[in-house]
Structures are given as C-alpha cells and as structure tokens.
$ cat coords_0.tsv   # TSV, C-alpha atoms
chain	number	residue	atom	x	y	z
A	1	MET	CA	0.74	87.95	27.56
A	2	ARG	CA	-1.32	86.26	30.29
A	3	PRO	CA	-2.57	82.94	28.94
A	4	ASP	CA	-6.12	83.49	30.23
A	5	LEU	CA	-6.31	86.64	28.12
A	6	LEU	CA	-5.67	84.45	25.08
A	7	ALA	CA	-7.68	81.39	26.12
A	8	ARG	CA	-11.08	83.01	26.40
A	9	PRO	CA	-10.95	84.96	23.10
A	10	LEU	CA	-9.65	81.87	21.30
A	11	ALA	CA	-12.46	79.73	22.73
A	12	ALA	CA	-14.98	82.40	21.75
A	13	ALA	CA	-13.52	82.60	18.23
A	14	ILE	CA	-13.73	78.81	17.84
A	15	ALA	CA	-17.32	78.83	19.09
A	16	ALA	CA	-18.18	81.58	16.58
A	17	VAL	CA	-16.65	79.56	13.74
A	18	ALA	CA	-18.49	76.44	14.93
A	19	ARG	CA	-21.77	78.35	14.82
A	20	VAL	CA	-21.16	79.10	11.14
A	21	HIS	CA	-20.77	75.33	10.64
A	22	GLY	CA	-24.07	74.74	12.45
A	23	LEU	CA	-22.54	73.56	15.73
A	24	THR	CA	-23.37	75.14	19.07
A	25	ILE	CA	-20.35	75.16	21.39
A	26	ASP	CA	-20.08	76.54	24.90
A	27	PRO	CA	-16.95	78.77	24.89
A	28	CYS	CA	-16.54	78.63	28.68
A	29	VAL	CA	-12.97	77.63	29.65
A	30	GLU	CA	-12.92	75.28	32.63
A	31	GLY	CA	-10.00	75.34	35.04
A	32	PHE	CA	-8.94	72.18	36.86
A	33	THR	CA	-6.71	71.82	39.89
A	34	THR	CA	-4.77	68.97	38.25
A	35	ALA	CA	-4.19	67.80	34.68
A	36	ALA	CA	-5.47	64.36	35.67
A	37	GLU	CA	-8.84	65.87	36.61
A	38	GLY	CA	-9.06	67.77	33.34
A	39	LEU	CA	-8.14	64.71	31.32
A	40	GLU	CA	-10.68	62.58	33.20
A	41	ARG	CA	-13.41	65.13	32.42
A	42	GLN	CA	-12.35	65.15	28.77
A	43	GLU	CA	-12.42	61.35	28.61
A	44	ARG	CA	-15.92	61.27	30.15
A	45	LEU	CA	-17.39	63.48	27.44
A	46	CYS	CA	-18.09	60.41	25.31
A	47	ASP	CA	-20.32	58.98	28.06
A	48	GLU	CA	-22.70	61.91	27.57
A	49	ILE	CA	-23.30	61.20	23.89
A	50	GLY	CA	-26.57	59.43	23.14
A	51	ASP	CA	-29.94	59.87	21.46
A	52	GLY	CA	-30.55	63.19	23.21
A	53	CYS	CA	-27.04	64.59	22.88
A	54	ARG	CA	-24.96	64.32	19.72
A	55	LEU	CA	-22.19	66.77	20.60
A	56	ARG	CA	-20.24	67.79	23.70
A	57	THR	CA	-17.28	70.14	23.88
A	58	LEU	CA	-14.82	71.16	26.55
A	59	PHE	CA	-12.20	73.90	26.72
A	60	TRP	CA	-9.92	73.36	29.70
A	61	GLN	CA	-6.72	74.43	31.41
A	62	ALA	CA	-4.75	72.93	34.28
A	63	PRO	CA	-1.41	73.18	36.09
A	64	GLN	CA	1.63	71.80	34.29
A	65	ALA	CA	1.88	68.09	33.49
A	66	ILE	CA	3.08	65.89	30.69
A	67	ILE	CA	0.32	63.80	29.11
A	68	VAL	CA	1.70	60.67	27.49
A	69	GLY	CA	0.24	58.01	25.25
A	70	ARG	CA	-0.09	54.40	26.36
A	71	THR	CA	2.75	53.37	24.07
A	72	ASP	CA	5.04	55.71	26.03
A	73	THR	CA	4.35	53.66	29.18
A	74	ARG	CA	6.20	50.74	27.57
A	75	LEU	CA	9.50	52.61	27.23
A	76	PRO	CA	12.36	50.78	29.01
A	77	THR	CA	12.63	53.08	32.05
A	78	PHE	CA	9.19	54.68	32.07
A	79	ASP	CA	8.82	54.45	35.87
A	80	ALA	CA	12.14	56.20	36.40
A	81	ALA	CA	11.05	58.94	34.00
A	82	VAL	CA	7.85	59.46	35.99
A	83	GLN	CA	9.89	59.92	39.18
A	84	ARG	CA	12.30	62.28	37.46
A	85	LEU	CA	9.52	64.46	36.10
A	86	VAL	CA	7.63	64.51	39.39
A	87	ALA	CA	10.84	65.80	40.96
A	88	GLU	CA	10.73	68.61	38.39
A	89	ASN	CA	7.09	69.30	39.33
A	90	TRP	CA	5.83	67.90	36.02
A	91	PRO	CA	3.51	65.00	36.91
A	92	VAL	CA	2.97	62.37	34.21
A	93	VAL	CA	-0.57	61.48	33.16
A	94	VAL	CA	-1.52	58.73	30.70
A	95	ARG	CA	-4.25	59.45	28.15
A	96	ARG	CA	-6.24	56.98	26.09
A	97	SER	CA	-6.18	58.88	22.80
A	98	GLY	CA	-3.28	58.20	20.49
A	99	GLY	CA	0.06	59.91	20.04
A	100	THR	CA	3.11	60.51	22.18
A	101	ALA	CA	4.09	62.83	25.05
A	102	CYS	CA	2.55	66.30	25.08
A	103	PRO	CA	3.16	68.89	27.81
A	104	ILE	CA	0.33	71.04	29.10
A	105	SER	CA	0.45	73.98	31.47
A	106	PRO	CA	-1.45	77.15	32.38
A	107	GLY	CA	0.11	78.46	29.15
A	108	THR	CA	-1.74	75.92	27.01
A	109	ILE	CA	-5.40	75.21	26.35
A	110	GLN	CA	-7.02	71.87	25.64
A	111	ILE	CA	-10.03	71.59	23.36
A	112	ALA	CA	-12.13	68.44	23.13
A	113	LEU	CA	-15.06	67.72	20.86
A	114	ALA	CA	-17.02	64.50	21.38
A	115	ARG	CA	-19.69	63.65	18.83
A	116	SER	CA	-21.80	60.87	17.55
A	117	ALA	CA	-20.13	59.55	14.40
A	118	GLY	CA	-22.34	58.14	11.68
A	119	ALA	CA	-21.20	55.50	9.24
A	120	ASP	CA	-19.67	58.04	6.87
A	121	PHE	CA	-17.85	59.97	9.59
A	122	ALA	CA	-14.26	58.74	9.28
A	123	ILE	CA	-11.05	59.56	11.15
A	124	ASP	CA	-9.93	62.28	8.77
A	125	VAL	CA	-13.38	63.91	8.72
A	126	ALA	CA	-13.23	64.32	12.48
A	127	TYR	CA	-9.67	65.66	12.36
A	128	ARG	CA	-10.56	68.11	9.60
A	129	GLU	CA	-13.61	69.33	11.50
A	130	LEU	CA	-11.67	70.45	14.57
A	131	SER	CA	-8.53	71.59	12.74
A	132	ALA	CA	-10.63	73.69	10.34
A	133	MET	CA	-12.47	75.33	13.21
A	134	ILE	CA	-9.19	76.22	14.93
A	135	GLY	CA	-7.63	77.38	11.65
A	136	ASP	CA	-10.64	79.58	10.85
A	137	ALA	CA	-10.61	80.99	14.38
A	138	LEU	CA	-6.94	81.93	13.97
A	139	ALA	CA	-7.68	83.48	10.57
A	140	SER	CA	-10.29	85.69	12.24
A	141	ILE	CA	-7.47	87.30	14.25
A	142	GLY	CA	-5.17	87.59	11.25
A	143	LEU	CA	-3.01	84.47	11.64
A	144	VAL	CA	-2.53	82.09	8.74
A	145	ALA	CA	-2.21	78.54	10.05
A	146	THR	CA	-1.66	75.48	7.92
A	147	ILE	CA	-2.40	71.85	8.71
A	148	GLY	CA	0.33	69.25	8.35
A	149	GLU	CA	2.83	67.26	10.32
A	150	VAL	CA	5.72	69.06	12.00
A	151	ALA	CA	7.90	65.97	12.14
A	152	GLU	CA	10.38	67.27	14.72
A	153	SER	CA	7.71	68.53	17.12
A	154	PHE	CA	6.50	66.67	20.19
A	155	CYS	CA	3.55	64.36	19.48
A	156	PRO	CA	3.67	64.92	15.71
A	157	GLY	CA	0.69	64.12	13.53
A	158	ARG	CA	-0.77	64.81	10.08
A	159	PHE	CA	-3.17	67.34	11.54
A	160	ASP	CA	-0.68	69.49	13.41
A	161	ILE	CA	-1.68	73.16	13.38
A	162	GLN	CA	1.37	75.12	12.34
A	163	ILE	CA	2.47	78.66	11.64
A	164	ASP	CA	5.59	79.22	9.55
A	165	GLY	CA	6.51	75.54	9.92
A	166	ARG	CA	6.35	75.57	13.73
A	167	LYS	CA	3.73	73.63	15.65
A	168	LEU	CA	1.10	75.60	17.53
A	169	GLY	CA	-1.21	72.71	18.36
A	170	GLY	CA	-1.74	69.01	17.85
A	171	ILE	CA	-4.78	66.77	17.65
A	172	SER	CA	-5.49	63.18	18.67
A	173	GLN	CA	-8.59	60.99	18.74
A	174	HIS	CA	-10.33	58.26	20.68
A	175	TRP	CA	-13.22	56.18	19.28
A	176	CYS	CA	-15.61	54.07	21.31
A	177	GLU	CA	-19.19	52.82	21.51
A	178	ARG	CA	-21.46	54.58	24.00
A	179	ASN	CA	-25.19	54.42	24.53
A	180	GLY	CA	-25.72	52.72	21.18
A	181	HIS	CA	-23.67	55.29	19.28
A	182	ARG	CA	-20.23	55.25	17.72
A	183	VAL	CA	-18.53	58.19	19.42
A	184	VAL	CA	-15.35	60.02	18.45
A	185	THR	CA	-13.60	62.41	20.80
A	186	THR	CA	-11.19	64.69	18.95
A	187	ALA	CA	-8.87	66.56	21.30
A	188	ALA	CA	-6.41	69.36	20.60
A	189	SER	CA	-3.73	70.86	22.77
A	190	PHE	CA	-2.70	74.35	21.85
A	191	VAL	CA	0.23	76.49	23.04
A	192	LEU	CA	-1.01	79.93	24.07
A	193	ALA	CA	1.73	81.65	26.04
A	194	GLN	CA	4.47	79.34	27.25
A	195	ASP	CA	8.13	79.40	26.36
A	196	PRO	CA	8.51	76.64	23.74
A	197	SER	CA	12.00	75.84	25.03
A	198	GLU	CA	10.57	74.89	28.46
A	199	LEU	CA	7.94	72.64	26.85
A	200	THR	CA	10.47	70.89	24.64
A	201	ARG	CA	12.96	70.63	27.53
A	202	ILE	CA	10.48	68.69	29.61
A	203	VAL	CA	9.45	66.40	26.74
A	204	ASN	CA	13.09	65.70	25.94
A	205	LEU	CA	13.81	65.04	29.62
A	206	PHE	CA	10.92	62.57	29.71
A	207	TYR	CA	12.19	60.58	26.71
A	208	GLU	CA	15.79	60.76	27.85
A	209	SER	CA	14.77	59.45	31.31
A	210	ALA	CA	12.45	56.81	29.87
A	211	GLY	CA	15.01	55.43	27.44
A	212	GLY	CA	13.23	56.71	24.35
A	213	ALA	CA	14.89	58.12	21.27
A	214	ARG	CA	12.46	60.93	20.53
A	215	ARG	CA	13.79	64.51	20.85
A	216	CYS	CA	12.21	67.83	19.95
A	217	PRO	CA	14.08	71.05	19.14
A	218	ALA	CA	12.60	74.21	20.64
A	219	ASP	CA	12.23	75.86	17.26
A	220	ALA	CA	9.74	73.18	16.17
A	221	ILE	CA	7.17	74.79	18.49
A	222	ILE	CA	5.56	78.23	18.55
A	223	SER	CA	3.08	79.79	20.95
A	224	LEU	CA	0.09	81.91	19.99
A	225	ASP	CA	1.70	84.75	21.93
A	226	LEU	CA	4.88	84.55	19.82
A	227	ALA	CA	2.90	84.21	16.60
A	228	LEU	CA	0.93	87.35	17.43
A	229	GLN	CA	4.12	89.26	18.29
A	230	ASP	CA	5.63	88.18	14.99
A	231	PHE	CA	2.47	89.14	13.14
A	232	GLY	CA	2.42	92.53	14.85
A	233	SER	CA	6.03	93.23	13.91
A	234	LYS	CA	5.44	92.79	10.18
A	235	PRO	CA	4.63	95.85	8.10
A	236	ASN	CA	1.17	95.95	6.57
A	237	VAL	CA	1.35	95.05	2.88
A	238	PHE	CA	-1.65	95.55	0.66
A	239	CYS	CA	-1.71	93.89	-2.73
A	240	HIS	CA	-3.95	95.24	-5.42
A	241	SER	CA	-4.71	93.51	-8.66
A	242	ALA	CA	-5.20	96.03	-11.44
A	243	ASP	CA	-6.75	93.78	-14.06
B	1	MET	CA	-18.03	31.32	17.77
B	2	ALA	CA	-17.89	35.04	16.99
B	3	ASP	CA	-15.06	36.74	15.13
B	4	ILE	CA	-13.60	39.94	16.52
B	5	THR	CA	-13.13	41.87	13.30
B	6	ILE	CA	-11.62	45.27	12.62
B	7	ALA	CA	-14.37	47.07	10.73
B	8	PRO	CA	-13.48	47.22	7.02
B	9	ASP	CA	-14.29	50.94	6.81
B	10	LEU	CA	-12.69	52.01	10.09
B	11	TRP	CA	-9.93	53.96	8.38
B	12	ASP	CA	-8.60	54.68	4.92
B	13	ALA	CA	-5.92	52.07	4.22
B	14	ASN	CA	-4.64	54.20	1.32
B	15	ILE	CA	-3.50	56.77	3.87
B	16	ASN	CA	-2.54	54.41	6.71
B	17	PRO	CA	-1.97	50.86	5.47
B	18	GLU	CA	-1.78	49.39	8.98
B	19	GLY	CA	-2.72	49.96	12.59
B	20	ILE	CA	-1.42	48.10	15.63
B	21	ILE	CA	-3.09	46.34	18.52
B	22	ALA	CA	-1.95	48.65	21.29
B	23	ASN	CA	-3.45	46.67	24.15
B	24	TRP	CA	-5.46	43.58	25.04
B	25	PHE	CA	-7.36	44.28	28.24
B	26	TYR	CA	-8.06	40.56	28.85
B	27	ALA	CA	-5.69	37.61	28.66
B	28	ASP	CA	-6.12	34.84	26.14
B	29	GLY	CA	-8.68	32.37	27.54
B	30	SER	CA	-10.46	34.94	29.71
B	31	THR	CA	-14.22	35.07	30.03
B	32	VAL	CA	-15.57	38.34	28.64
B	33	ALA	CA	-18.99	39.98	28.63
B	34	ALA	CA	-20.72	41.11	25.45
B	35	GLY	CA	-19.85	44.75	24.77
B	36	ALA	CA	-16.87	44.84	27.11
B	37	THR	CA	-13.87	46.80	25.85
B	38	ILE	CA	-11.38	44.00	25.22
B	39	ALA	CA	-8.70	45.63	23.07
B	40	GLU	CA	-7.35	48.94	21.89
B	41	LEU	CA	-6.33	49.60	18.31
B	42	MET	CA	-4.05	52.48	17.37
B	43	VAL	CA	-3.81	54.10	13.95
B	44	GLU	CA	-1.44	57.08	13.94
B	45	LYS	CA	-2.72	59.32	16.75
B	46	THR	CA	-6.13	57.67	16.86
B	47	THR	CA	-7.15	54.93	19.26
B	48	PHE	CA	-10.22	52.71	18.97
B	49	ASP	CA	-11.85	50.70	21.74
B	50	ILE	CA	-12.66	47.23	20.41
B	51	ALA	CA	-15.75	45.72	22.04
B	52	ALA	CA	-16.51	42.04	22.51
B	53	PRO	CA	-19.16	41.05	19.94
B	54	SER	CA	-20.59	38.43	22.31
B	55	ALA	CA	-20.03	36.87	25.72
B	56	GLY	CA	-17.70	33.91	26.11
B	57	ILE	CA	-14.09	32.79	26.10
B	58	LEU	CA	-11.62	35.11	24.37
B	59	HIS	CA	-9.08	33.66	21.94
B	60	ILE	CA	-6.47	36.17	20.76
B	61	ALA	CA	-5.25	35.79	17.17
B	62	VAL	CA	-3.21	38.99	16.81
B	63	PRO	CA	-0.97	39.73	19.79
B	64	LYS	CA	-0.26	43.12	21.37
B	65	ASP	CA	1.79	45.27	18.97
B	66	GLY	CA	0.67	43.12	16.05
B	67	ALA	CA	-0.11	44.92	12.79
B	68	VAL	CA	-3.65	44.86	11.44
B	69	LYS	CA	-5.54	46.14	8.41
B	70	PRO	CA	-9.21	47.04	8.04
B	71	GLY	CA	-11.13	43.75	8.00
B	72	THR	CA	-8.54	41.76	9.98
B	73	VAL	CA	-9.92	39.17	12.40
B	74	ILE	CA	-7.95	39.78	15.59
B	75	GLY	CA	-9.52	37.05	17.67
B	76	THR	CA	-12.62	34.99	18.37
B	77	ILE	CA	-15.03	34.44	21.23
B	78	ASP	CA	-16.37	30.98	21.95
B	79	ALA	CA	-19.63	30.65	23.81
B	80	ALA	CA	-18.84	29.74	27.43

$ encode --input "coords_0.tsv" --output "structure tokens"
Amino acid sequence: MRPDLLARPLAAAIAAVARVHGLTIDPCVEGFTTAAEGLERQERLCDEIGDGCRLRTLFWQAPQAIIVGRTDTRLPTFDAAVQRLVAENWPVVVRRSGGTACPISPGTIQIALARSAGADFAIDVAYRELSAMIGDALASIGLVATIGEVAESFCPGRFDIQIDGRKLGGISQHWCERNGHRVVTTAASFVLAQDPSELTRIVNLFYESAGGARRCPADAIISLDLALQDFGSKPNVFCHSAD
Amino acid sequence: MADITIAPDLWDANINPEGIIANWFYADGSTVAAGATIAELMVEKTTFDIAAPSAGILHIAVPKDGAVKPGTVIGTIDAA
C-alpha cells in the first residue's frame, strides 16, 4: 500500500485519540526534501514552547536516510560507514535524542511531541503519553499493539511499539530548558509500508561498516502494511460469555 | 563556586540505576555563560541538555562516558 495512504489516516487517528486526552494536535503530515531538514524542524519544536505555547506536534516524512545517535558517531570507523551508506543513497544524519541507528524513508512516518514538562512529568510519563496515543490509534483500526522492548530490533527501547513480538515503531526523547520551561520532546519513528528486510539491511550495513557489533534480523521488524495484511487474513472470531 | 548537579528527580533510579555523560560541549577550564548547554546526559534512549548554573570557569568532575546517578555532582563552575 502507498505509504501516504497510511500516514494521513494514522496521523488523524492519533489526533483523534489525543483529543480524548484533552490535547489538540494538528494531523497534517509535513513532507521534507531531506531527512536532515525534517530532523532540524523536529529539533526546533522545543524552541516554540513557552508561556503561550505548552505543546507542539509534528508528523513528518522524508526521503530515505539513517538517523543515528551521538554515541554511534564514536564507533571505530564511523566516517567510513557514512561514506559507504552515502554510496548506497542512504545519507547519515545525527540526532540529539537518545538511542541508536534508525532508518527512515518515505515508507516511515516520524511523530514528535514537544511539551512543557512540570516537576511531576518524568521520563516514563512522557514515553507512556505518546506510546498510549499510538497504541490507542492502532486499536481504533483493529490492531493490538503492545509496548515493550524488542531486543533484537534496531534502536531497541522499553517503549517499543510491537505487534506479535515485532517492532512497528520506537520512541526516544530529548529534554532541555527553553524560555523558562523544562521541555521534553518525545519522538517516534513508525514503519508504515517499507520492506523490513531493506531497513534492517541498511542498519546492519551501517554497523558492519562502522565497526559496531549491533545486528538486527529482518523478522524483528514489521510494517503497518504487513500487520494490516496479517490482520485481514485472519478469520473473524467472536467470543461470547454465557454467564 | 556552583555545583553542576544532576537533578535528584530527573529519572527513576529503580528503573535505570545509572546514566552516562554522553558529551561535554566545553573543555575543562573553559569559560562558560550562565544557561549555556555544557553537557549532555543519556539515560537509555533519553538525552538531557545540562545547562551551566552560573557563568565562570568550568571544572569537569565526571568525564565523558562516566556513569552518573540522580543527584551526582558532575562538575563545578568557579566565578571568573
């Protein structure tokens, strides 16, 4: 399925769920000409938080790139890996939120939520907020997602969004002070319609070229497209409790 | 002298006992401005910008890649 046909309904479903939680989110999906531009826009969201604006969101898509964490830049042959991936038409972009390498492409969507974080708004609260919104949005189209680390996936984390043990999306965070507020930007990357084996191939090529040990099997990842196909192929089963 | 302290409530140490100093953006002995982002802390997939609590000369106590817990003093700033 064309990724844009999945991106807009997913963004709308997340916005609808957010509204139930009292948050107003613009479901518009922005397209960028490069991943670096999209990431820069995402990382500037925090600058807009202040007394008059407590929440900013961004749904975005961009051409293919691999977005790595700063720790990845310290791998023994990182520069050689960048050259290798550029030769494969997968530019490497460094993000400031945590985690390891994550590929994006027109077949993925990125979701960022920047908000003012009060004293009682901790790391896990912010993770749960976005993961719950995505999980509820998936439930509204019949998919049951669970939250938990898919250890073999790329960029694994405790708040991975998974279906049947395969990672559909991952979440990272960046905290900073802006305009007198403590601001947290929680960002998810979500596979819509991209062959998981191509995504894992490029991540594995990056780590192999950079001298890193991390590897990711293709079956650790699932796309929304595949999850929907799988869901559609199952017979309807209705359970009725007679007590 | 001002301590650069990891806020005691920044994360739940029962879930993640330690974070690491992922980066110092200024060298030891540098002059820094109050509020400047001087270091980056990483806990799992979360990064935190650490701001200078005052202006002055930076003295680093916990080096890059050093492990820290909530409440750790990672450095100090002496008035210039």

$ residues_around --input "coords_0.tsv" --residues "range 158-168 of chain A" --least-positions-apart "5" --cutoff "6 Å" --atoms "all atoms listed in the file" --output "list in words"
Ala145, Thr146, Ile147, Gly148, Glu149, Phe190, Val191, Ala220, Ile221, Ile222 and Ser223 of chain A

$ write_last_selection --input "coords_0.tsv" --atoms "C-alpha atoms" --output "CSV table (one decimal), in the coordinates of the input"
chain,number,residue,atom,x,y,z
A,145,ALA,CA,-2.2,78.5,10.0
A,146,THR,CA,-1.7,75.5,7.9
A,147,ILE,CA,-2.4,71.8,8.7
A,148,GLY,CA,0.3,69.2,8.4
A,149,GLU,CA,2.8,67.3,10.3
A,190,PHE,CA,-2.7,74.4,21.8
A,191,VAL,CA,0.2,76.5,23.0
A,220,ALA,CA,9.7,73.2,16.2
A,221,ILE,CA,7.2,74.8,18.5
A,222,ILE,CA,5.6,78.2,18.6
A,223,SER,CA,3.1,79.8,21.0

$ interface_residues --input "coords_0.tsv" --of "chain B" --to "chain A" --cutoff "8 Å" --atoms "all atoms listed in the file" --output "VMD selection string"
chain B and resid 10 to 11 22 42 to 51

$ atom_distance --input "coords_0.tsv" --atom1 "CA of Ala15 in chain A" --atom2 "CA of Leu192 in chain A"
17.1 Å

$ closest_residue --input "coords_0.tsv" --among "A:Ile104, A:Ala213, A:Ala16, A:Ala139" --to "Gln194 in chain A" --atoms "all atoms listed in the file"
A:Ile104

$ residues_near_point --input "coords_0.tsv" --point "(0.1, 46.2, 18.9)" --cutoff "6 Å" --atoms "all atoms listed in the file" --output "list in words"
Ile20, Ile21, Ala22, Lys64, Asp65 and Gly66 of chain B

$ residues_around --input "coords_0.tsv" --residues "Ala67 in chain B" --least-positions-apart "3" --cutoff "12 Å" --atoms "all atoms listed in the file" --output "PyMOL selection string"
chain B and resi 6+16-23+41-43+61-64+70+72-74

$ closest_residue --input "coords_0.tsv" --among "B:Ala55, B:Ile15, B:Ala33, B:Ala27" --to "Asp78 in chain B" --atoms "all atoms listed in the file"
B:Ala55

$ residues_around --input "coords_0.tsv" --residues "Tyr26 in chain B" --least-positions-apart "3" --cutoff "8 Å" --atoms "all atoms listed in the file" --output "ChimeraX atom specification"
/B:30,32,38-39,58

$ residues_around --input "coords_0.tsv" --residues "Ile67 in chain A" --least-positions-apart "4" --cutoff "8 Å" --atoms "only C-alpha atoms" --output "PyMOL selection string"
chain A and resi 92-95+101-104

$ write_last_selection --input "coords_0.tsv" --atoms "C-alpha atoms" --output "PDB file, keeping the file's coordinate frame"
ATOM      1  CA  VAL A  92       2.970  62.370  34.210  1.00  0.00           C
ATOM      2  CA  VAL A  93      -0.570  61.480  33.160  1.00  0.00           C
ATOM      3  CA  VAL A  94      -1.520  58.730  30.700  1.00  0.00           C
ATOM      4  CA  ARG A  95      -4.250  59.450  28.150  1.00  0.00           C
ATOM      5  CA  ALA A 101       4.090  62.830  25.050  1.00  0.00           C
ATOM      6  CA  CYS A 102       2.550  66.300  25.080  1.00  0.00           C
ATOM      7  CA  PRO A 103       3.160  68.890  27.810  1.00  0.00           C
ATOM      8  CA  ILE A 104       0.330  71.040  29.100  1.00  0.00           C
TER       9      ILE A 104
END

$ atom_distance --input "coords_0.tsv" --atom1 "CA of Phe59 in chain A" --atom2 "CA of Pro91 in chain A"
20.7 Å

$ residues_near_point --input "coords_0.tsv" --point "(-19.9, 38.4, 14.1)" --cutoff "12 Å" --atoms "all atoms listed in the file" --output "number ranges by chain"
B: 1-7, 34, 51-55, 71, 73, 75-78

$ write_last_selection --input "coords_0.tsv" --atoms "C-alpha atoms" --output "PDB file, in the frame of the given file"
ATOM      1  CA  MET B   1     -18.030  31.320  17.770  1.00  0.00           C
ATOM      2  CA  ALA B   2     -17.890  35.040  16.990  1.00  0.00           C
ATOM      3  CA  ASP B   3     -15.060  36.740  15.130  1.00  0.00           C
ATOM      4  CA  ILE B   4     -13.600  39.940  16.520  1.00  0.00           C
ATOM      5  CA  THR B   5     -13.130  41.870  13.300  1.00  0.00           C
ATOM      6  CA  ILE B   6     -11.620  45.270  12.620  1.00  0.00           C
ATOM      7  CA  ALA B   7     -14.370  47.070  10.730  1.00  0.00           C
ATOM      8  CA  ALA B  34     -20.720  41.110  25.450  1.00  0.00           C
ATOM      9  CA  ALA B  51     -15.750  45.720  22.040  1.00  0.00           C
ATOM     10  CA  ALA B  52     -16.510  42.040  22.510  1.00  0.00           C
ATOM     11  CA  PRO B  53     -19.160  41.050  19.940  1.00  0.00           C
ATOM     12  CA  SER B  54     -20.590  38.430  22.310  1.00  0.00           C
ATOM     13  CA  ALA B  55     -20.030  36.870  25.720  1.00  0.00           C
ATOM     14  CA  GLY B  71     -11.130  43.750   8.000  1.00  0.00           C
ATOM     15  CA  VAL B  73      -9.920  39.170  12.400  1.00  0.00           C
ATOM     16  CA  GLY B  75      -9.520  37.050  17.670  1.00  0.00           C
ATOM     17  CA  THR B  76     -12.620  34.990  18.370  1.00  0.00           C
ATOM     18  CA  ILE B  77     -15.030  34.440  21.230  1.00  0.00           C
ATOM     19  CA  ASP B  78     -16.370  30.980  21.950  1.00  0.00           C
TER      20      ASP B  78
END

$ residues_around --input "coords_0.tsv" --residues "Pro9 in chain A" --least-positions-apart "3" --cutoff "12 Å" --atoms "only C-alpha atoms" --output "PDB file with C-alpha atoms, in the coordinates of the input"
ATOM      1  CA  PRO A   3      -2.570  82.940  28.940  1.00  0.00           C
ATOM      2  CA  ASP A   4      -6.120  83.490  30.230  1.00  0.00           C
ATOM      3  CA  LEU A   5      -6.310  86.640  28.120  1.00  0.00           C
ATOM      4  CA  LEU A   6      -5.670  84.450  25.080  1.00  0.00           C
ATOM      5  CA  ALA A  12     -14.980  82.400  21.750  1.00  0.00           C
ATOM      6  CA  ALA A  13     -13.520  82.600  18.230  1.00  0.00           C
ATOM      7  CA  ILE A  14     -13.730  78.810  17.840  1.00  0.00           C
ATOM      8  CA  ALA A  15     -17.320  78.830  19.090  1.00  0.00           C
ATOM      9  CA  ALA A  16     -18.180  81.580  16.580  1.00  0.00           C
ATOM     10  CA  PRO A  27     -16.950  78.770  24.890  1.00  0.00           C
ATOM     11  CA  CYS A  28     -16.540  78.630  28.680  1.00  0.00           C
ATOM     12  CA  VAL A  29     -12.970  77.630  29.650  1.00  0.00           C
ATOM     13  CA  PHE A  59     -12.200  73.900  26.720  1.00  0.00           C
ATOM     14  CA  ILE A 109      -5.400  75.210  26.350  1.00  0.00           C
ATOM     15  CA  ALA A 137     -10.610  80.990  14.380  1.00  0.00           C
ATOM     16  CA  LEU A 138      -6.940  81.930  13.970  1.00  0.00           C
ATOM     17  CA  SER A 140     -10.290  85.690  12.240  1.00  0.00           C
ATOM     18  CA  ILE A 141      -7.470  87.300  14.250  1.00  0.00           C
ATOM     19  CA  LEU A 192      -1.010  79.930  24.070  1.00  0.00           C
ATOM     20  CA  LEU A 224       0.090  81.910  19.990  1.00  0.00           C
TER      21      LEU A 224
END

$ atom_distance --input "coords_0.tsv" --atom1 "CA of Phe32 in chain A" --atom2 "CA of Leu130 in chain A"
22.5 Å

$ build_atoms --input "coords_0.tsv" --residues "range 135-146 of chain A" --atoms "N, CA and C atoms" --output "mmCIF file, keeping the file's coordinate frame"
data_model
loop_
_atom_site.group_PDB
_atom_site.id
_atom_site.type_symbol
_atom_site.label_atom_id
_atom_site.label_comp_id
_atom_site.auth_asym_id
_atom_site.auth_seq_id
_atom_site.Cartn_x
_atom_site.Cartn_y
_atom_site.Cartn_z
ATOM 1 N N GLY A 135 -8.271 76.592 12.705
ATOM 2 C CA GLY A 135 -7.630 77.380 11.650
ATOM 3 C C GLY A 135 -8.452 78.616 11.294
ATOM 4 N N ASP A 136 -9.771 78.441 11.177
ATOM 5 C CA ASP A 136 -10.640 79.580 10.850
ATOM 6 C C ASP A 136 -10.670 80.588 11.992
ATOM 7 N N ALA A 137 -10.622 80.079 13.230
ATOM 8 C CA ALA A 137 -10.610 80.990 14.380
ATOM 9 C C ALA A 137 -9.332 81.822 14.375
ATOM 10 N N LEU A 138 -8.200 81.188 14.044
ATOM 11 C CA LEU A 138 -6.940 81.930 13.970
ATOM 12 C C LEU A 138 -6.975 82.948 12.832
ATOM 13 N N ALA A 139 -7.585 82.550 11.714
ATOM 14 C CA ALA A 139 -7.680 83.480 10.570
ATOM 15 C C ALA A 139 -8.471 84.718 10.960
ATOM 16 N N SER A 140 -9.454 84.539 11.848
ATOM 17 C CA SER A 140 -10.290 85.690 12.240
ATOM 18 C C SER A 140 -9.492 86.716 13.043
ATOM 19 N N ILE A 141 -8.320 86.308 13.570
ATOM 20 C CA ILE A 141 -7.470 87.300 14.250
ATOM 21 C C ILE A 141 -6.201 87.577 13.433
ATOM 22 N N GLY A 142 -6.228 87.191 12.180
ATOM 23 C CA GLY A 142 -5.170 87.590 11.250
ATOM 24 C C GLY A 142 -4.024 86.612 11.103
ATOM 25 N N LEU A 143 -4.112 85.430 11.737
ATOM 26 C CA LEU A 143 -3.010 84.470 11.640
ATOM 27 C C LEU A 143 -3.324 83.395 10.602
ATOM 28 N N VAL A 144 -2.352 83.118 9.764
ATOM 29 C CA VAL A 144 -2.530 82.090 8.740
ATOM 30 C C VAL A 144 -1.875 80.805 9.236
ATOM 31 N N ALA A 145 -2.711 79.841 9.594
ATOM 32 C CA ALA A 145 -2.210 78.540 10.050
ATOM 33 C C ALA A 145 -2.401 77.521 8.940
ATOM 34 N N THR A 146 -1.494 76.573 8.867
ATOM 35 C CA THR A 146 -1.660 75.480 7.920
ATOM 36 C C THR A 146 -1.726 74.173 8.709
#
